[in-house]
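J.: One file is attached below, my_file-v2.pdb, containing PDB, C-alpha atoms, pLDDT in the B column.
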ATOM      1  CA  MET U 336      80.633  71.324  42.245  1.00 45.00           C
ATOM      2  CA  GLY U 337      83.917  70.166  40.795  1.00 48.00           C
ATOM      3  CA  SER U 338      86.149  67.844  42.727  1.00 65.00           C
ATOM      4  CA  ASN U 339      89.201  70.127  42.585  1.00 87.00           C
ATOM      5  CA  GLU U 340      87.817  73.536  43.512  1.00 95.00           C
ATOM      6  CA  ILE U 341      89.707  75.695  45.999  1.00 97.00           C
ATOM      7  CA  TYR U 342      87.471  77.960  48.097  1.00 97.00           C
ATOM      8  CA  TYR U 343      90.119  79.700  50.193  1.00 97.00           C
ATOM      9  CA  GLN U 344      93.889  79.679  50.458  1.00 97.00           C
ATOM     10  CA  ASP U 345      96.549  81.525  52.410  1.00 97.00           C
ATOM     11  CA  ASP U 346     100.012  80.578  53.697  1.00 96.00           C
ATOM     12  CA  ARG U 347      98.647  78.178  56.330  1.00 96.00           C
ATOM     13  CA  LEU U 348      95.048  77.308  55.410  1.00 98.00           C
ATOM     14  CA  LEU U 349      93.529  75.703  52.325  1.00 98.00           C
ATOM     15  CA  ILE U 350      89.794  75.056  51.934  1.00 98.00           C
ATOM     16  CA  ARG U 351      89.087  72.672  49.087  1.00 98.00           C
ATOM     17  CA  ASP U 352      86.616  70.077  47.863  1.00 97.00           C
ATOM     18  CA  ARG U 353      86.601  66.963  50.010  1.00 95.00           C
ATOM     19  CA  ALA U 354      88.530  63.973  48.709  1.00 93.00           C
ATOM     20  CA  PRO U 355      87.312  60.414  49.427  1.00 93.00           C
ATOM     21  CA  ALA U 356      90.461  59.790  51.514  1.00 93.00           C
ATOM     22  CA  ASP U 357      89.543  62.627  53.895  1.00 94.00           C
ATOM     23  CA  GLY U 358      86.697  60.697  55.571  1.00 93.00           C
ATOM     24  CA  PRO U 359      88.860  57.929  57.064  1.00 94.00           C
ATOM     25  CA  ARG U 360      91.475  60.495  58.118  1.00 93.00           C
ATOM     26  CA  PHE U 361      88.876  62.611  59.927  1.00 95.00           C
ATOM     27  CA  THR U 362      87.280  59.534  61.499  1.00 94.00           C
ATOM     28  CA  ALA U 363      90.614  58.357  62.932  1.00 94.00           C
ATOM     29  CA  ALA U 364      91.411  61.848  64.262  1.00 94.00           C
ATOM     30  CA  GLU U 365      87.938  62.220  65.817  1.00 93.00           C
ATOM     31  CA  ILE U 366      88.162  58.835  67.536  1.00 94.00           C
ATOM     32  CA  ALA U 367      91.643  59.725  68.847  1.00 94.00           C
ATOM     33  CA  GLN U 368      90.254  62.880  70.470  1.00 93.00           C
ATOM     34  CA  GLY U 369      87.327  61.030  72.067  1.00 88.00           C
ATOM     35  CA  TRP U 370      84.522  61.929  69.658  1.00 86.00           C
ATOM     36  CA  HIS U 371      81.990  59.330  68.582  1.00 83.00           C
ATOM     37  CA  ALA U 372      82.888  58.890  64.899  1.00 87.00           C
ATOM     38  CA  THR U 373      82.458  56.465  62.010  1.00 89.00           C
ATOM     39  CA  THR U 374      83.312  56.708  58.323  1.00 90.00           C
ATOM     40  CA  GLU U 375      79.607  56.190  57.527  1.00 92.00           C
ATOM     41  CA  LYS U 376      78.686  59.891  57.703  1.00 90.00           C
ATOM     42  CA  TYR U 377      81.545  60.809  55.356  1.00 92.00           C
ATOM     43  CA  GLU U 378      80.535  58.091  52.910  1.00 93.00           C
ATOM     44  CA  GLU U 379      76.902  59.305  52.964  1.00 93.00           C
ATOM     45  CA  HIS U 380      78.020  62.877  52.298  1.00 94.00           C
ATOM     46  CA  LEU U 381      80.090  61.646  49.326  1.00 94.00           C
ATOM     47  CA  ARG U 382      77.066  59.815  47.921  1.00 94.00           C
ATOM     48  CA  CYS U 383      75.020  63.004  48.214  1.00 93.00           C
ATOM     49  CA  ARG U 384      77.732  64.966  46.425  1.00 95.00           C
ATOM     50  CA  GLU U 385      77.816  62.360  43.634  1.00 94.00           C
ATOM     51  CA  ALA U 386      74.025  62.761  43.325  1.00 93.00           C
ATOM     52  CA  GLY U 387      74.476  66.532  42.917  1.00 93.00           C
ATOM     53  CA  ARG U 388      72.854  67.378  46.260  1.00 94.00           C
ATOM     54  CA  ALA U 389      75.840  68.759  48.158  1.00 96.00           C
ATOM     55  CA  VAL U 390      79.235  70.425  48.138  1.00 97.00           C
ATOM     56  CA  LEU U 391      81.703  69.061  50.692  1.00 97.00           C
ATOM     57  CA  LEU U 392      84.544  71.231  51.975  1.00 98.00           C
ATOM     58  CA  THR U 393      87.743  70.235  53.764  1.00 98.00           C
ATOM     59  CA  ALA U 394      90.094  72.627  55.546  1.00 98.00           C
ATOM     60  CA  GLU U 395      93.775  71.740  55.610  1.00 97.00           C
ATOM     61  CA  TYR U 396      96.041  73.494  58.079  1.00 97.00           C
ATOM     62  CA  ARG U 397      99.649  73.383  56.869  1.00 95.00           C
ATOM     63  CA  GLY U 398      98.813  70.285  54.806  1.00 93.00           C
ATOM     64  CA  SER U 399      96.899  68.324  57.454  1.00 93.00           C
ATOM     65  CA  PRO U 400      93.092  67.934  57.392  1.00 93.00           C
ATOM     66  CA  ALA U 401      91.808  70.169  60.174  1.00 97.00           C
ATOM     67  CA  GLY U 402      88.072  70.668  59.578  1.00 97.00           C
ATOM     68  CA  TYR U 403      85.089  70.171  57.314  1.00 97.00           C
ATOM     69  CA  VAL U 404      81.621  71.405  56.442  1.00 98.00           C
ATOM     70  CA  ASN U 405      78.923  70.446  53.935  1.00 97.00           C
ATOM     71  CA  VAL U 406      76.395  72.509  51.989  1.00 97.00           C
ATOM     72  CA  TYR U 407      73.172  70.775  50.890  1.00 96.00           C
ATOM     73  CA  TRP U 408      70.652  72.150  48.394  1.00 93.00           C
ATOM     74  CA  GLY U 409      67.161  72.306  49.836  1.00 86.00           C
ATOM     75  CA  GLY U 410      68.220  70.757  53.120  1.00 83.00           C
ATOM     76  CA  LEU U 411      68.165  67.293  54.634  1.00 84.00           C
ATOM     77  CA  ASP U 412      65.420  67.546  57.237  1.00 85.00           C
ATOM     78  CA  GLY U 413      63.848  69.858  59.748  1.00 91.00           C
ATOM     79  CA  PRO U 414      61.410  72.758  59.574  1.00 94.00           C
ATOM     80  CA  LEU U 415      63.237  74.732  56.866  1.00 94.00           C
ATOM     81  CA  THR U 416      63.650  71.962  54.316  1.00 91.00           C
ATOM     82  CA  GLY U 417      61.873  72.385  51.000  1.00 90.00           C
ATOM     83  CA  ARG U 418      62.027  76.201  50.868  1.00 93.00           C
ATOM     84  CA  GLY U 419      64.763  76.308  48.241  1.00 93.00           C
ATOM     85  CA  TRP U 420      67.325  77.320  50.854  1.00 96.00           C
ATOM     86  CA  ALA U 421      70.751  75.766  51.343  1.00 96.00           C
ATOM     87  CA  GLU U 422      71.570  73.913  54.557  1.00 97.00           C
ATOM     88  CA  ILE U 423      74.966  73.909  56.218  1.00 97.00           C
ATOM     89  CA  VAL U 424      75.506  70.475  57.723  1.00 96.00           C
ATOM     90  CA  ASP U 425      78.112  69.057  60.076  1.00 94.00           C
ATOM     91  CA  LEU U 426      80.685  71.790  60.651  1.00 96.00           C
ATOM     92  CA  GLY U 427      83.620  70.274  62.514  1.00 94.00           C
ATOM     93  CA  VAL U 428      87.108  71.432  63.451  1.00 96.00           C
ATOM     94  CA  LEU U 429      89.471  68.949  65.082  1.00 95.00           C
ATOM     95  CA  GLN U 430      90.461  69.970  68.608  1.00 93.00           C
ATOM     96  CA  ALA U 431      94.142  70.479  67.765  1.00 95.00           C
ATOM     97  CA  TYR U 432      93.117  73.158  65.241  1.00 96.00           C
ATOM     98  CA  GLN U 433      90.388  74.961  67.158  1.00 94.00           C
ATOM     99  CA  ARG U 434      90.594  78.640  68.160  1.00 92.00           C
ATOM    100  CA  GLN U 435      92.584  79.532  65.039  1.00 94.00           C
ATOM    101  CA  GLY U 436      89.737  80.899  62.903  1.00 95.00           C
ATOM    102  CA  ILE U 437      89.303  77.736  60.845  1.00 97.00           C
ATOM    103  CA  GLY U 438      85.604  77.373  61.705  1.00 96.00           C
ATOM    104  CA  GLU U 439      85.010  80.987  60.621  1.00 97.00           C
ATOM    105  CA  LYS U 440      86.837  80.441  57.315  1.00 98.00           C
ATOM    106  CA  LEU U 441      84.877  77.228  56.702  1.00 98.00           C
ATOM    107  CA  MET U 442      81.638  79.115  57.350  1.00 98.00           C
ATOM    108  CA  ASP U 443      82.736  81.932  55.018  1.00 98.00           C
ATOM    109  CA  ALA U 444      83.355  79.374  52.279  1.00 98.00           C
ATOM    110  CA  ALA U 445      80.130  77.452  52.986  1.00 98.00           C
ATOM    111  CA  GLU U 446      78.046  80.636  52.877  1.00 98.00           C
ATOM    112  CA  ALA U 447      79.722  81.675  49.606  1.00 98.00           C
ATOM    113  CA  VAL U 448      78.876  78.279  48.101  1.00 97.00           C
ATOM    114  CA  ALA U 449      75.299  78.498  49.423  1.00 97.00           C
ATOM    115  CA  ALA U 450      74.904  82.000  47.942  1.00 97.00           C
ATOM    116  CA  ARG U 451      75.503  80.561  44.473  1.00 95.00           C
ATOM    117  CA  TYR U 452      72.177  78.742  44.745  1.00 92.00           C
ATOM    118  CA  ALA U 453      70.024  80.373  47.417  1.00 96.00           C
ATOM    119  CA  ASP U 454      69.398  83.691  49.138  1.00 96.00           C
ATOM    120  CA  THR U 455      69.038  82.054  52.560  1.00 97.00           C
ATOM    121  CA  VAL U 456      70.993  79.403  54.425  1.00 97.00           C
ATOM    122  CA  PHE U 457      70.007  77.400  57.493  1.00 97.00           C
ATOM    123  CA  LEU U 458      71.554  74.957  59.932  1.00 97.00           C
ATOM    124  CA  SER U 459      70.885  73.155  63.172  1.00 97.00           C
ATOM    125  CA  VAL U 460      73.067  73.426  66.240  1.00 98.00           C
ATOM    126  CA  GLY U 461      73.271  71.094  69.198  1.00 96.00           C
ATOM    127  CA  LEU U 462      72.230  72.371  72.593  1.00 96.00           C
ATOM    128  CA  HIS U 463      74.781  70.760  74.911  1.00 95.00           C
ATOM    129  CA  ASN U 464      77.915  72.634  75.948  1.00 94.00           C
ATOM    130  CA  GLY U 465      80.042  70.799  73.381  1.00 90.00           C
ATOM    131  CA  TYR U 466      78.362  73.099  70.855  1.00 93.00           C
ATOM    132  CA  GLY U 467      78.926  76.268  72.882  1.00 94.00           C
ATOM    133  CA  ALA U 468      81.578  77.721  70.554  1.00 92.00           C
ATOM    134  CA  ALA U 469      79.421  76.975  67.499  1.00 95.00           C
ATOM    135  CA  GLN U 470      76.351  78.530  69.145  1.00 96.00           C
ATOM    136  CA  ARG U 471      78.261  81.756  69.819  1.00 96.00           C
ATOM    137  CA  MET U 472      79.796  81.817  66.339  1.00 96.00           C
ATOM    138  CA  TYR U 473      76.436  81.401  64.596  1.00 98.00           C
ATOM    139  CA  VAL U 474      74.859  84.233  66.581  1.00 97.00           C
ATOM    140  CA  LYS U 475      77.834  86.507  65.841  1.00 97.00           C
ATOM    141  CA  ARG U 476      77.460  85.655  62.135  1.00 98.00           C
ATOM    142  CA  GLY U 477      73.818  86.773  62.159  1.00 98.00           C
ATOM    143  CA  TYR U 478      71.955  83.455  62.386  1.00 98.00           C
ATOM    144  CA  ILE U 479      68.627  83.628  64.197  1.00 98.00           C
ATOM    145  CA  PRO U 480      66.309  80.899  65.497  1.00 98.00           C
ATOM    146  CA  ASP U 481      63.555  79.921  63.075  1.00 97.00           C
ATOM    147  CA  GLY U 482      60.923  79.885  65.833  1.00 96.00           C
ATOM    148  CA  SER U 483      60.060  76.180  65.631  1.00 97.00           C
ATOM    149  CA  GLY U 484      61.596  75.422  69.023  1.00 96.00           C
ATOM    150  CA  VAL U 485      63.782  72.503  70.000  1.00 96.00           C
ATOM    151  CA  TRP U 486      63.978  69.375  67.832  1.00 96.00           C
ATOM    152  CA  TYR U 487      65.053  65.871  68.803  1.00 96.00           C
ATOM    153  CA  ASN U 488      65.838  63.067  66.379  1.00 93.00           C
ATOM    154  CA  GLY U 489      64.362  65.025  63.480  1.00 92.00           C
ATOM    155  CA  LYS U 490      61.060  65.847  65.193  1.00 94.00           C
ATOM    156  CA  PRO U 491      59.897  68.939  67.085  1.00 96.00           C
ATOM    157  CA  VAL U 492      59.735  68.598  70.858  1.00 97.00           C
ATOM    158  CA  THR U 493      56.277  69.546  72.043  1.00 95.00           C
ATOM    159  CA  PRO U 494      55.914  72.071  74.887  1.00 95.00           C
ATOM    160  CA  TYR U 495      56.417  70.555  78.337  1.00 95.00           C
ATOM    161  CA  ASP U 496      57.569  67.256  76.836  1.00 94.00           C
ATOM    162  CA  THR U 497      60.511  65.520  78.515  1.00 92.00           C
ATOM    163  CA  VAL U 498      63.732  64.969  76.587  1.00 90.00           C
ATOM    164  CA  TYR U 499      65.866  62.387  78.355  1.00 87.00           C
ATOM    165  CA  THR U 500      69.117  62.764  76.431  1.00 92.00           C
ATOM    166  CA  ASN U 501      71.011  65.964  75.757  1.00 94.00           C
ATOM    167  CA  ASP U 502      72.976  64.478  72.872  1.00 93.00           C
ATOM    168  CA  ASP U 503      73.889  65.592  69.342  1.00 91.00           C
ATOM    169  CA  ASP U 504      70.291  65.056  68.184  1.00 94.00           C
ATOM    170  CA  LEU U 505      68.804  67.753  70.454  1.00 96.00           C
ATOM    171  CA  VAL U 506      69.017  70.838  68.218  1.00 97.00           C
ATOM    172  CA  LEU U 507      67.737  74.292  67.423  1.00 97.00           C
ATOM    173  CA  TYR U 508      67.327  75.458  63.799  1.00 98.00           C
ATOM    174  CA  LEU U 509      68.799  78.813  62.763  1.00 98.00           C
ATOM    175  CA  TYR U 510      68.770  80.688  59.487  1.00 98.00           C
ATOM    176  CA  LYS U 511      70.419  83.681  57.821  1.00 98.00           C
ATOM    177  CA  ARG U 512      69.653  85.721  54.729  1.00 97.00           C
ATOM    178  CA  LEU U 513      72.691  85.946  52.480  1.00 96.00           C
ATOM    179  CA  LYS U 514      73.784  89.128  50.691  1.00 82.00           C
TER     180      LYS U 514
END
Show the structure stored in the file as structure tokens.

T.:
Amino acid sequence: MGSNEIYYQDDRLLIRDRAPADGPRFTAAEIAQGWHATTEKYEEHLRCREAGRAVLLTAEYRGSPAGYVNVYWGGLDGPLTGRGWAEIVDLGVLQAYQRQGIGEKLMDAAEAVAARYADTVFLSVGLHNGYGAAQRMYVKRGYIPDGSGVWYNGKPVTPYDTVYTNDDDLVLYLYKRLK
């Protein structure tokens, strides 16, 4: 969990440990592209890394921060927390860098990090169409639903209950056994 580890590198892409300066850079880029963003989530992830609970990865495309993902030990919340599995949290690729394989490379690196500590990894994915590419990618990578149904704001949605907002907090949990 060193602060200078490189997880992947080729002539255009570098995946490395997140630096504290990356959070404000990602926040500014996300706001510029119309995403709801604050530096708070990046600061919380850094605190978790300092506490030894997470590894934070940043992808740079030709020297510019392009994407990120986090791997947490044991998980943050949801139905799969507490099983000794790793959780992949908050995969994001800035719009200018999408459709270039960066999300796949970030997931490769995140799964390799997770495999150091667990035989299974899990994640949650949003259900609105803004998560469509991620939903397809996770299925192609072998992730399957855990069977607990839809969750909203960290709680399972009961059958026939009404969910009024299809926002980032309406999710489905998926998991994958690692090799």

J.: May I ask for the distance between atom CA of Tyr432 of chain U and atom CA of Leu513 of chain U, given in Å to one decimal place?

T.: 27.3 Å

J.: Please determine, counting all atoms listed in the file, which residue among U:Val506, U:Ala421, U:Val404, U:Ala354 has the shortest atom-to-atom distance to Glu385 of chain U.

T.: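 Selected residue with least distance to Glu385 of chain U: U:Ala354.
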
J.: Which residue out of U:Gly417, U:Gly398, U:Gly477, U:Gly369 has the minimum interatomic distance to Leu429 of chain U when all atoms listed in the file are used?

T.: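 Checking each candidate against Leu429 of chain U, we get U:Gly369 as the closest.
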
J.: Report, in Å with one decimal, the straight-line distance from atom CA of Arg476 of chain U to atom CA of Ile341 of chain U.

T.: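 About the pair atom CA of Arg476 of chain U and atom CA of Ile341 of chain U: they are 22.6 Å apart.
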
J.: Calculated over only C-alpha atoms, which of the candidates U:Asn405, U:Gly482, U:Gln368, U:Asp502 has the smallest distance to Val390 of chain U?

T.: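 Nearest candidate to Val390 of chain U out of U:Asn405, U:Gly482, U:Gln368, U:Asp502: U:Asn405.
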
J.: Using Å and a single decimal, report how far atom CA of Pro414 of chain U sits from atom CA of Val498 of chain U.

T.: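 Pair atom CA of Val498 of chain U / atom CA of Pro414 of chain U returns 18.9 Å.
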
J.: From the set U:Arg397, U:Arg418, U:His463, U:Arg512, which residue has the shortest atom-to-atom contact distance to Ala450 of chain U, counting all atoms listed in the file?

T.: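 Of the candidates, the smallest distance to Ala450 of chain U is held by U:Arg512.
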
J.: Any chance you could resolve the PyMOL selection byres ((chain U and resi 374) around 10) against this file and give the residues as an MDAnalysis selection string?

T.: chainID U and resid 357:363 372:373 375:379

J.: Would you mind listing what lies within 9 Å of Ala469 of chain U as a list in words, with all atoms listed in the file counted and same-chain residues fewer than 3 positions away left out?

T.: Leu426, Gly438, Val460, Gly461, Gly465, Tyr466, Met472, Tyr473 and Val474 of chain U

J.: Hey, what comes out of the PyMOL selection byres ((chain U and resi 424) around 9) on this file? Could you write it as a PDB file with C-alpha atoms, in the frame of the given file?

T.:
ATOM      1  CA  VAL U 404      81.621  71.405  56.442  1.00 98.00           C
ATOM      2  CA  ASN U 405      78.923  70.446  53.935  1.00 97.00           C
ATOM      3  CA  VAL U 406      76.395  72.509  51.989  1.00 97.00           C
ATOM      4  CA  TYR U 407      73.172  70.775  50.890  1.00 96.00           C
ATOM      5  CA  GLY U 410      68.220  70.757  53.120  1.00 83.00           C
ATOM      6  CA  LEU U 411      68.165  67.293  54.634  1.00 84.00           C
ATOM      7  CA  GLU U 422      71.570  73.913  54.557  1.00 97.00           C
ATOM      8  CA  ILE U 423      74.966  73.909  56.218  1.00 97.00           C
ATOM      9  CA  ASP U 425      78.112  69.057  60.076  1.00 94.00           C
ATOM     10  CA  LEU U 426      80.685  71.790  60.651  1.00 96.00           C
ATOM     11  CA  PHE U 457      70.007  77.400  57.493  1.00 97.00           C
ATOM     12  CA  LEU U 458      71.554  74.957  59.932  1.00 97.00           C
ATOM     13  CA  SER U 459      70.885  73.155  63.172  1.00 97.00           C
TER      14      SER U 459
END

J.: Quick one: of U:Gly436, U:Leu507, U:Ala444, U:Gly427, who's nearest to Glu340 of chain U, counting only C-alpha atoms?

T.: U:Ala444

J.: Hey, which of U:Val485, U:Leu349, U:Ala468, U:Ala453 ends up closest to Pro400 of chain U? Count all atoms listed in the file.

T.: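 With all atoms listed in the file as the atom set, the closest residue is U:Leu349.
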
J.: Any idea what's packed within 6 Å of Arg353 of chain U, counting all atoms listed in the file, ignoring anything in its chain fewer than 2 positions away? Could you give it as a VMD selection string?

T.: chain U and resid 391 to 393

J.: Counting only C-alpha atoms, which residues have an atom no more than 9 Å from (90.0, 74.8, 53.3) in the file's coordinates? Please list them as a PyMOL selection string.

T.: chain U and resi 341-344+348-352+392-396+400-403+437+440-441+444

J.: Atoms to include: C-alpha atoms. Write the selected residues as an mmCIF file, in the frame of the given file.

T.:
data_model
loop_
_atom_site.group_PDB
_atom_site.id
_atom_site.type_symbol
_atom_site.label_atom_id
_atom_site.label_comp_id
_atom_site.auth_asym_id
_atom_site.auth_seq_id
_atom_site.Cartn_x
_atom_site.Cartn_y
_atom_site.Cartn_z
ATOM 1 C CA ILE U 341 89.707 75.695 45.999
ATOM 2 C CA TYR U 342 87.471 77.960 48.097
ATOM 3 C CA TYR U 343 90.119 79.700 50.193
ATOM 4 C CA GLN U 344 93.889 79.679 50.458
ATOM 5 C CA LEU U 348 95.048 77.308 55.410
ATOM 6 C CA LEU U 349 93.529 75.703 52.325
ATOM 7 C CA ILE U 350 89.794 75.056 51.934
ATOM 8 C CA ARG U 351 89.087 72.672 49.087
ATOM 9 C CA ASP U 352 86.616 70.077 47.863
ATOM 10 C CA LEU U 392 84.544 71.231 51.975
ATOM 11 C CA THR U 393 87.743 70.235 53.764
ATOM 12 C CA ALA U 394 90.094 72.627 55.546
ATOM 13 C CA GLU U 395 93.775 71.740 55.610
ATOM 14 C CA TYR U 396 96.041 73.494 58.079
ATOM 15 C CA PRO U 400 93.092 67.934 57.392
ATOM 16 C CA ALA U 401 91.808 70.169 60.174
ATOM 17 C CA GLY U 402 88.072 70.668 59.578
ATOM 18 C CA TYR U 403 85.089 70.171 57.314
ATOM 19 C CA ILE U 437 89.303 77.736 60.845
ATOM 20 C CA LYS U 440 86.837 80.441 57.315
ATOM 21 C CA LEU U 441 84.877 77.228 56.702
ATOM 22 C CA ALA U 444 83.355 79.374 52.279
#

J.: Please return as a list in words every residue within 6 Å of (65.7, 68.7, 61.6), taking into account only C-alpha atoms and the file's own coordinates.

T.: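 Taken together, the residues in range are Asp412, Gly413 and Gly489 of chain U.
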
J.: Env of Lys514 of chain U: 10 Å cut, atoms = all atoms listed in the file, seq-sep filter 2 positions within chain, self excluded. Answer as a PyMOL selection string.

T.: chain U and resi 446-447+450+454-455+511-512
